[in-house]
Every structure is written in C-alpha cells, then in structure tokens.
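Below: one structure, written as structure tokens.
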Amino acid sequence: MQVFRQFNRPLTVDEVLAYGREIVGSLNKATVYRNLKLLSDNGWLKRISHPSLGTLYERTGKKHHHFFHCRKCNRAFELPGCALKVEEAEPKGFKVEDHEIFLFGLCPSCCRGNSHKK
Ligand SMILES: [Zn+2]
Ligand SMILES: [Zn+2]
C-alpha cells in the first residue's frame, strides 16, 4: 500500500517488488503476489491487462482514465480523463459498454534524454 501511495501510476509486480524492497529489504516475490491478490480481492487495487506490460495493478476509486506506456523506460503512466467520443467511435448497430485505450511513446524524462529516474 505504501508503494502505491508513493507512486501514483500503475505498477507491475516487479516494480512493486523493487520499490517495496526499498522499504522492507527482506521483501520477496511470494509476499508481493500474496498482498497484491489480497488487495485486489478486497477492492483496494485493480488489475489491468496491458498489451505489452502484462498485468498492472493500480488503486481503485479513480475517475475513468487511460494509460501511456513509455517504450524506453518501460513504465506505465496514468493519463487524465478520456479523449474518446464514444458516440462517434461506436459502429452502427453496436452498443459500446466499456473501452480501454493504451498510448505508446516516450515519457517526459525519456524525451529529454535523461537517464531513468523514478
Ligand atoms: Zn520513459
Ligand atoms: Zn475513455
């Protein structure tokens, strides 16, 4: 929970493990998996299936939003709001119930050519 409060972006299991180890040095992957499952089951976290990063975890209770994946530092970011006009995107005769949008490219620090900072 501390890791997710510190980083306001969706995280992979490996990121949770790496950042969690900075708080608790002895943290292992099994503990991370167990806690991610626990927090997902009780609704504090939700799972996102990302097309290239695999399963990501993020805090629940946020407004509808989408994700940006930086192909250089391989981190996922949360994008504020939604640019999709569902009424315009909806094919004739279909009923859209939900959608996911994943954008790809470079994050601000990779655009500046900086070495990766968290
Ligand atoms: Zn980046
Ligand atoms: Zn949307």
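Residue numbering restarts at 1 in every chain; chains get A, B, ... in the order shown in the structure tokens, and ligands count up from 1 in that same order.
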
* List all protein, DNA and RNA residues that have any atom at most 6 Å from ligand 2, counting only C-alpha atoms and all ligand atoms, and write the list as an MDAnalysis selection string. => chainID A and resid 65 82 84

* To do: Can you tell me which residues come within 9 Å of ligand 1 when counting only C-alpha atoms and all ligand atoms, ideally as an MDAnalysis selection string?
  => chainID A and resid 69:76 105:111 113:117

Next, dump the selected residues to file, keeping only N, CA, C and O atoms, as a PDB file, in the first residue's frame.
ATOM      1  N   HIS A  69       2.256   4.141 -22.175  1.00  0.00           N
ATOM      2  CA  HIS A  69       3.401   3.263 -21.932  1.00  0.00           C
ATOM      3  C   HIS A  69       4.640   3.850 -22.591  1.00  0.00           C
ATOM      4  O   HIS A  69       4.659   4.070 -23.803  1.00  0.00           O
ATOM      5  N   CYS A  70       5.672   4.125 -21.793  1.00  0.00           N
ATOM      6  CA  CYS A  70       6.924   4.622 -22.352  1.00  0.00           C
ATOM      7  C   CYS A  70       7.746   3.426 -22.812  1.00  0.00           C
ATOM      8  O   CYS A  70       8.101   2.560 -22.013  1.00  0.00           O
ATOM      9  N   ARG A  71       8.021   3.380 -24.121  1.00  0.00           N
ATOM     10  CA  ARG A  71       8.724   2.216 -24.662  1.00  0.00           C
ATOM     11  C   ARG A  71      10.205   2.224 -24.280  1.00  0.00           C
ATOM     12  O   ARG A  71      10.891   1.218 -24.389  1.00  0.00           O
ATOM     13  N   LYS A  72      10.726   3.358 -23.817  1.00  0.00           N
ATOM     14  CA  LYS A  72      12.141   3.417 -23.465  1.00  0.00           C
ATOM     15  C   LYS A  72      12.396   2.963 -22.023  1.00  0.00           C
ATOM     16  O   LYS A  72      13.204   2.084 -21.784  1.00  0.00           O
ATOM     17  N   CYS A  73      11.692   3.564 -21.058  1.00  0.00           N
ATOM     18  CA  CYS A  73      11.924   3.158 -19.667  1.00  0.00           C
ATOM     19  C   CYS A  73      10.931   2.095 -19.226  1.00  0.00           C
ATOM     20  O   CYS A  73      10.999   1.606 -18.105  1.00  0.00           O
ATOM     21  N   ASN A  74       9.991   1.736 -20.130  1.00  0.00           N
ATOM     22  CA  ASN A  74       9.074   0.626 -19.881  1.00  0.00           C
ATOM     23  C   ASN A  74       8.156   0.847 -18.679  1.00  0.00           C
ATOM     24  O   ASN A  74       7.759  -0.099 -18.019  1.00  0.00           O
ATOM     25  N   ARG A  75       7.835   2.118 -18.408  1.00  0.00           N
ATOM     26  CA  ARG A  75       6.917   2.410 -17.308  1.00  0.00           C
ATOM     27  C   ARG A  75       5.543   2.777 -17.859  1.00  0.00           C
ATOM     28  O   ARG A  75       5.436   3.303 -18.961  1.00  0.00           O
ATOM     29  N   ALA A  76       4.526   2.505 -17.066  1.00  0.00           N
ATOM     30  CA  ALA A  76       3.165   2.890 -17.442  1.00  0.00           C
ATOM     31  C   ALA A  76       2.761   4.118 -16.646  1.00  0.00           C
ATOM     32  O   ALA A  76       3.107   4.259 -15.476  1.00  0.00           O
ATOM     33  N   GLY A 105       4.785   5.515 -26.493  1.00  0.00           N
ATOM     34  CA  GLY A 105       5.733   6.531 -26.949  1.00  0.00           C
ATOM     35  C   GLY A 105       6.802   6.779 -25.905  1.00  0.00           C
ATOM     36  O   GLY A 105       7.274   5.826 -25.281  1.00  0.00           O
ATOM     37  N   LEU A 106       7.156   8.040 -25.727  1.00  0.00           N
ATOM     38  CA  LEU A 106       8.210   8.397 -24.778  1.00  0.00           C
ATOM     39  C   LEU A 106       7.649   9.285 -23.681  1.00  0.00           C
ATOM     40  O   LEU A 106       6.886  10.216 -23.950  1.00  0.00           O
ATOM     41  N   CYS A 107       8.042   9.020 -22.438  1.00  0.00           N
ATOM     42  CA  CYS A 107       7.621   9.848 -21.314  1.00  0.00           C
ATOM     43  C   CYS A 107       8.472  11.122 -21.275  1.00  0.00           C
ATOM     44  O   CYS A 107       9.488  11.204 -21.967  1.00  0.00           O
ATOM     45  N   PRO A 108       8.081  12.119 -20.480  1.00  0.00           N
ATOM     46  CA  PRO A 108       8.835  13.385 -20.482  1.00  0.00           C
ATOM     47  C   PRO A 108      10.321  13.209 -20.186  1.00  0.00           C
ATOM     48  O   PRO A 108      11.149  13.841 -20.848  1.00  0.00           O
ATOM     49  N   SER A 109      10.689  12.359 -19.221  1.00  0.00           N
ATOM     50  CA  SER A 109      12.116  12.271 -18.899  1.00  0.00           C
ATOM     51  C   SER A 109      12.881  11.550 -20.001  1.00  0.00           C
ATOM     52  O   SER A 109      14.045  11.867 -20.256  1.00  0.00           O
ATOM     53  N   CYS A 110      12.246  10.602 -20.703  1.00  0.00           N
ATOM     54  CA  CYS A 110      12.919   9.947 -21.831  1.00  0.00           C
ATOM     55  C   CYS A 110      12.986  10.879 -23.037  1.00  0.00           C
ATOM     56  O   CYS A 110      13.937  10.815 -23.827  1.00  0.00           O
ATOM     57  N   CYS A 111      12.004  11.745 -23.207  1.00  0.00           N
ATOM     58  CA  CYS A 111      12.042  12.742 -24.285  1.00  0.00           C
ATOM     59  C   CYS A 111      13.241  13.666 -24.119  1.00  0.00           C
ATOM     60  O   CYS A 111      13.875  14.066 -25.086  1.00  0.00           O
ATOM     61  N   GLY A 113      15.913  12.836 -22.826  1.00  0.00           N
ATOM     62  CA  GLY A 113      17.133  12.036 -22.910  1.00  0.00           C
ATOM     63  C   GLY A 113      17.807  11.819 -21.577  1.00  0.00           C
ATOM     64  O   GLY A 113      18.961  11.409 -21.516  1.00  0.00           O
ATOM     65  N   ASN A 114      17.103  12.115 -20.493  1.00  0.00           N
ATOM     66  CA  ASN A 114      17.662  11.892 -19.155  1.00  0.00           C
ATOM     67  C   ASN A 114      17.758  10.403 -18.866  1.00  0.00           C
ATOM     68  O   ASN A 114      16.996   9.614 -19.384  1.00  0.00           O
ATOM     69  N   SER A 115      18.679  10.055 -17.997  1.00  0.00           N
ATOM     70  CA  SER A 115      18.676   8.668 -17.550  1.00  0.00           C
ATOM     71  C   SER A 115      17.468   8.477 -16.656  1.00  0.00           C
ATOM     72  O   SER A 115      16.980   9.423 -16.036  1.00  0.00           O
ATOM     73  N   HIS A 116      16.992   7.290 -16.596  1.00  0.00           N
ATOM     74  CA  HIS A 116      15.713   6.974 -15.980  1.00  0.00           C
ATOM     75  C   HIS A 116      15.711   7.258 -14.475  1.00  0.00           C
ATOM     76  O   HIS A 116      16.531   6.762 -13.733  1.00  0.00           O
ATOM     77  N   LYS A 117      14.787   8.125 -14.118  1.00  0.00           N
ATOM     78  CA  LYS A 117      14.567   8.411 -12.696  1.00  0.00           C
ATOM     79  C   LYS A 117      13.174   7.955 -12.351  1.00  0.00           C
ATOM     80  O   LYS A 117      12.288   8.004 -13.161  1.00  0.00           O
TER      81      LYS A 117
END

* Asked: Nearest to Pro51 in chain A: which of A:Val32, A:Val24, A:Met1, A:Ile101 is it, counting only C-alpha atoms?
  -> A:Ile101

* To do: Give the answer as one residue: which of A:Arg112, A:Thr12, A:Arg59, A:Val3 has the shortest atom-to-atom distance to Leu39 in chain A, using only C-alpha atoms?
  => A:Arg59

* To do: Tell me, in Å to one decimal, how far CA of Ala89 in chain A is from CA of Tyr57 in chain A.
  => 27.5 Å

* Nearest to Leu11 in chain A: which of A:Phe77, A:Phe104, A:Trp44, A:Tyr33 is it, counting only C-alpha atoms? -> A:Phe77

* Residues of range 2-103 of chain A in strand (DSSP E), written as a list in words -> Leu45, Lys46, Arg47, Ile48, Ser49, His50, Gly54, Thr55, Leu56, Tyr57, Glu58, Arg59, His66, Phe67, Phe68, His69, Cys70, Ala76, Phe77, Glu78, Leu79, Phe102 and Leu103 of chain A

Within chain A, find each residue whose DSSP state, derived from the backbone, is alpha helix (DSSP H), and express the selection as a PDB file with N, CA and C atoms, in the first residue's frame.
ATOM      1  N   GLN A   2       1.954   1.178   0.744  1.00  0.00           N
ATOM      2  CA  GLN A   2       2.880   2.314   0.791  1.00  0.00           C
ATOM      3  C   GLN A   2       3.483   2.614  -0.590  1.00  0.00           C
ATOM      4  N   VAL A   3       3.842   1.557  -1.311  1.00  0.00           N
ATOM      5  CA  VAL A   3       4.398   1.727  -2.664  1.00  0.00           C
ATOM      6  C   VAL A   3       3.380   2.390  -3.580  1.00  0.00           C
ATOM      7  N   PHE A   4       2.135   1.941  -3.514  1.00  0.00           N
ATOM      8  CA  PHE A   4       1.117   2.523  -4.392  1.00  0.00           C
ATOM      9  C   PHE A   4       0.780   3.966  -4.018  1.00  0.00           C
ATOM     10  N   ARG A   5       0.929   4.287  -2.728  1.00  0.00           N
ATOM     11  CA  ARG A   5       0.684   5.673  -2.329  1.00  0.00           C
ATOM     12  C   ARG A   5       1.815   6.584  -2.792  1.00  0.00           C
ATOM     13  N   GLN A   6       3.023   5.996  -2.842  1.00  0.00           N
ATOM     14  CA  GLN A   6       4.199   6.767  -3.233  1.00  0.00           C
ATOM     15  C   GLN A   6       4.232   7.049  -4.742  1.00  0.00           C
ATOM     16  N   VAL A  13       4.214  -6.193 -11.103  1.00  0.00           N
ATOM     17  CA  VAL A  13       4.634  -6.935  -9.906  1.00  0.00           C
ATOM     18  C   VAL A  13       6.110  -6.654  -9.615  1.00  0.00           C
ATOM     19  N   ASP A  14       6.943  -6.646 -10.648  1.00  0.00           N
ATOM     20  CA  ASP A  14       8.379  -6.416 -10.452  1.00  0.00           C
ATOM     21  C   ASP A  14       8.669  -5.032  -9.899  1.00  0.00           C
ATOM     22  N   GLU A  15       7.889  -4.035 -10.336  1.00  0.00           N
ATOM     23  CA  GLU A  15       8.081  -2.685  -9.796  1.00  0.00           C
ATOM     24  C   GLU A  15       7.682  -2.626  -8.323  1.00  0.00           C
ATOM     25  N   VAL A  16       6.559  -3.262  -7.997  1.00  0.00           N
ATOM     26  CA  VAL A  16       6.123  -3.283  -6.595  1.00  0.00           C
ATOM     27  C   VAL A  16       7.197  -3.949  -5.738  1.00  0.00           C
ATOM     28  N   LEU A  17       7.775  -5.030  -6.260  1.00  0.00           N
ATOM     29  CA  LEU A  17       8.829  -5.733  -5.534  1.00  0.00           C
ATOM     30  C   LEU A  17      10.058  -4.838  -5.359  1.00  0.00           C
ATOM     31  N   ALA A  18      10.505  -4.189  -6.437  1.00  0.00           N
ATOM     32  CA  ALA A  18      11.709  -3.356  -6.376  1.00  0.00           C
ATOM     33  C   ALA A  18      11.516  -2.168  -5.427  1.00  0.00           C
ATOM     34  N   TYR A  19      10.386  -1.480  -5.553  1.00  0.00           N
ATOM     35  CA  TYR A  19      10.144  -0.316  -4.701  1.00  0.00           C
ATOM     36  C   TYR A  19       9.846  -0.755  -3.264  1.00  0.00           C
ATOM     37  N   GLY A  20       9.158  -1.899  -3.127  1.00  0.00           N
ATOM     38  CA  GLY A  20       8.844  -2.413  -1.802  1.00  0.00           C
ATOM     39  C   GLY A  20      10.106  -2.783  -1.028  1.00  0.00           C
ATOM     40  N   ARG A  21      11.098  -3.277  -1.765  1.00  0.00           N
ATOM     41  CA  ARG A  21      12.374  -3.651  -1.123  1.00  0.00           C
ATOM     42  C   ARG A  21      13.122  -2.452  -0.568  1.00  0.00           C
ATOM     43  N   GLU A  22      12.836  -1.276  -1.112  1.00  0.00           N
ATOM     44  CA  GLU A  22      13.460  -0.072  -0.560  1.00  0.00           C
ATOM     45  C   GLU A  22      12.873   0.253   0.816  1.00  0.00           C
ATOM     46  N   ILE A  23      11.663  -0.247   1.066  1.00  0.00           N
ATOM     47  CA  ILE A  23      11.009  -0.024   2.364  1.00  0.00           C
ATOM     48  C   ILE A  23      11.299  -1.199   3.300  1.00  0.00           C
ATOM     49  N   LYS A  29       9.107 -12.075  -3.615  1.00  0.00           N
ATOM     50  CA  LYS A  29       8.069 -12.031  -4.649  1.00  0.00           C
ATOM     51  C   LYS A  29       6.772 -12.702  -4.193  1.00  0.00           C
ATOM     52  N   ALA A  30       6.903 -13.802  -3.438  1.00  0.00           N
ATOM     53  CA  ALA A  30       5.707 -14.509  -2.973  1.00  0.00           C
ATOM     54  C   ALA A  30       4.848 -13.599  -2.089  1.00  0.00           C
ATOM     55  N   THR A  31       5.509 -12.824  -1.239  1.00  0.00           N
ATOM     56  CA  THR A  31       4.790 -11.895  -0.364  1.00  0.00           C
ATOM     57  C   THR A  31       4.093 -10.814  -1.182  1.00  0.00           C
ATOM     58  N   VAL A  32       4.812 -10.316  -2.210  1.00  0.00           N
ATOM     59  CA  VAL A  32       4.222  -9.295  -3.074  1.00  0.00           C
ATOM     60  C   VAL A  32       2.978  -9.858  -3.771  1.00  0.00           C
ATOM     61  N   TYR A  33       3.092 -11.045  -4.354  1.00  0.00           N
ATOM     62  CA  TYR A  33       1.947 -11.663  -5.022  1.00  0.00           C
ATOM     63  C   TYR A  33       0.778 -11.856  -4.067  1.00  0.00           C
ATOM     64  N   ARG A  34       1.087 -12.326  -2.860  1.00  0.00           N
ATOM     65  CA  ARG A  34       0.029 -12.590  -1.889  1.00  0.00           C
ATOM     66  C   ARG A  34      -0.700 -11.295  -1.519  1.00  0.00           C
ATOM     67  N   ASN A  35       0.080 -10.226  -1.307  1.00  0.00           N
ATOM     68  CA  ASN A  35      -0.538  -8.953  -0.933  1.00  0.00           C
ATOM     69  C   ASN A  35      -1.284  -8.302  -2.088  1.00  0.00           C
ATOM     70  N   LEU A  36      -0.756  -8.440  -3.313  1.00  0.00           N
ATOM     71  CA  LEU A  36      -1.466  -7.883  -4.466  1.00  0.00           C
ATOM     72  C   LEU A  36      -2.802  -8.590  -4.659  1.00  0.00           C
ATOM     73  N   LYS A  37      -2.797  -9.902  -4.434  1.00  0.00           N
ATOM     74  CA  LYS A  37      -4.044 -10.664  -4.556  1.00  0.00           C
ATOM     75  C   LYS A  37      -5.042 -10.232  -3.478  1.00  0.00           C
ATOM     76  N   LEU A  38      -4.529 -10.113  -2.257  1.00  0.00           N
ATOM     77  CA  LEU A  38      -5.363  -9.695  -1.127  1.00  0.00           C
ATOM     78  C   LEU A  38      -5.992  -8.321  -1.378  1.00  0.00           C
ATOM     79  N   LEU A  39      -5.158  -7.377  -1.822  1.00  0.00           N
ATOM     80  CA  LEU A  39      -5.634  -6.013  -2.040  1.00  0.00           C
ATOM     81  C   LEU A  39      -6.554  -5.925  -3.254  1.00  0.00           C
ATOM     82  N   SER A  40      -6.371  -6.824  -4.224  1.00  0.00           N
ATOM     83  CA  SER A  40      -7.283  -6.853  -5.366  1.00  0.00           C
ATOM     84  C   SER A  40      -8.616  -7.470  -4.956  1.00  0.00           C
ATOM     85  N   ASP A  41      -8.535  -8.551  -4.167  1.00  0.00           N
ATOM     86  CA  ASP A  41      -9.761  -9.212  -3.719  1.00  0.00           C
ATOM     87  C   ASP A  41     -10.615  -8.291  -2.857  1.00  0.00           C
ATOM     88  N   VAL A  86     -17.311   8.354 -27.429  1.00  0.00           N
ATOM     89  CA  VAL A  86     -17.861   7.018 -27.640  1.00  0.00           C
ATOM     90  C   VAL A  86     -18.956   7.036 -28.705  1.00  0.00           C
ATOM     91  N   GLU A  87     -19.787   8.096 -28.672  1.00  0.00           N
ATOM     92  CA  GLU A  87     -20.898   8.165 -29.644  1.00  0.00           C
ATOM     93  C   GLU A  87     -20.367   8.166 -31.083  1.00  0.00           C
ATOM     94  N   GLU A  88     -19.200   8.806 -31.282  1.00  0.00           N
ATOM     95  CA  GLU A  88     -18.635   8.864 -32.635  1.00  0.00           C
ATOM     96  C   GLU A  88     -17.892   7.585 -32.998  1.00  0.00           C
ATOM     97  N   ALA A  89     -17.307   6.945 -32.013  1.00  0.00           N
ATOM     98  CA  ALA A  89     -16.500   5.745 -32.274  1.00  0.00           C
ATOM     99  C   ALA A  89     -17.363   4.501 -32.428  1.00  0.00           C
ATOM    100  N   PRO A 108       8.081  12.119 -20.480  1.00  0.00           N
ATOM    101  CA  PRO A 108       8.835  13.385 -20.482  1.00  0.00           C
ATOM    102  C   PRO A 108      10.321  13.209 -20.186  1.00  0.00           C
ATOM    103  N   SER A 109      10.689  12.359 -19.221  1.00  0.00           N
ATOM    104  CA  SER A 109      12.116  12.271 -18.899  1.00  0.00           C
ATOM    105  C   SER A 109      12.881  11.550 -20.001  1.00  0.00           C
ATOM    106  N   CYS A 110      12.246  10.602 -20.703  1.00  0.00           N
ATOM    107  CA  CYS A 110      12.919   9.947 -21.831  1.00  0.00           C
ATOM    108  C   CYS A 110      12.986  10.879 -23.037  1.00  0.00           C
ATOM    109  N   CYS A 111      12.004  11.745 -23.207  1.00  0.00           N
ATOM    110  CA  CYS A 111      12.042  12.742 -24.285  1.00  0.00           C
ATOM    111  C   CYS A 111      13.241  13.666 -24.119  1.00  0.00           C
TER     112      CYS A 111
END

* Asked: Using only C-alpha atoms, which residue out of A:Lys95, A:Arg9, A:Arg47, A:His66 lies closest to Ala83 in chain A?
  ->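 Smallest separation from Ala83 in chain A among the options: A:His66.
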
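Distances from A:Leu56, A:His64, A:Phe7, A:Gly43 to His99 in chain A were compared using only C-alpha atoms, and the smallest one belongs to A:His64.
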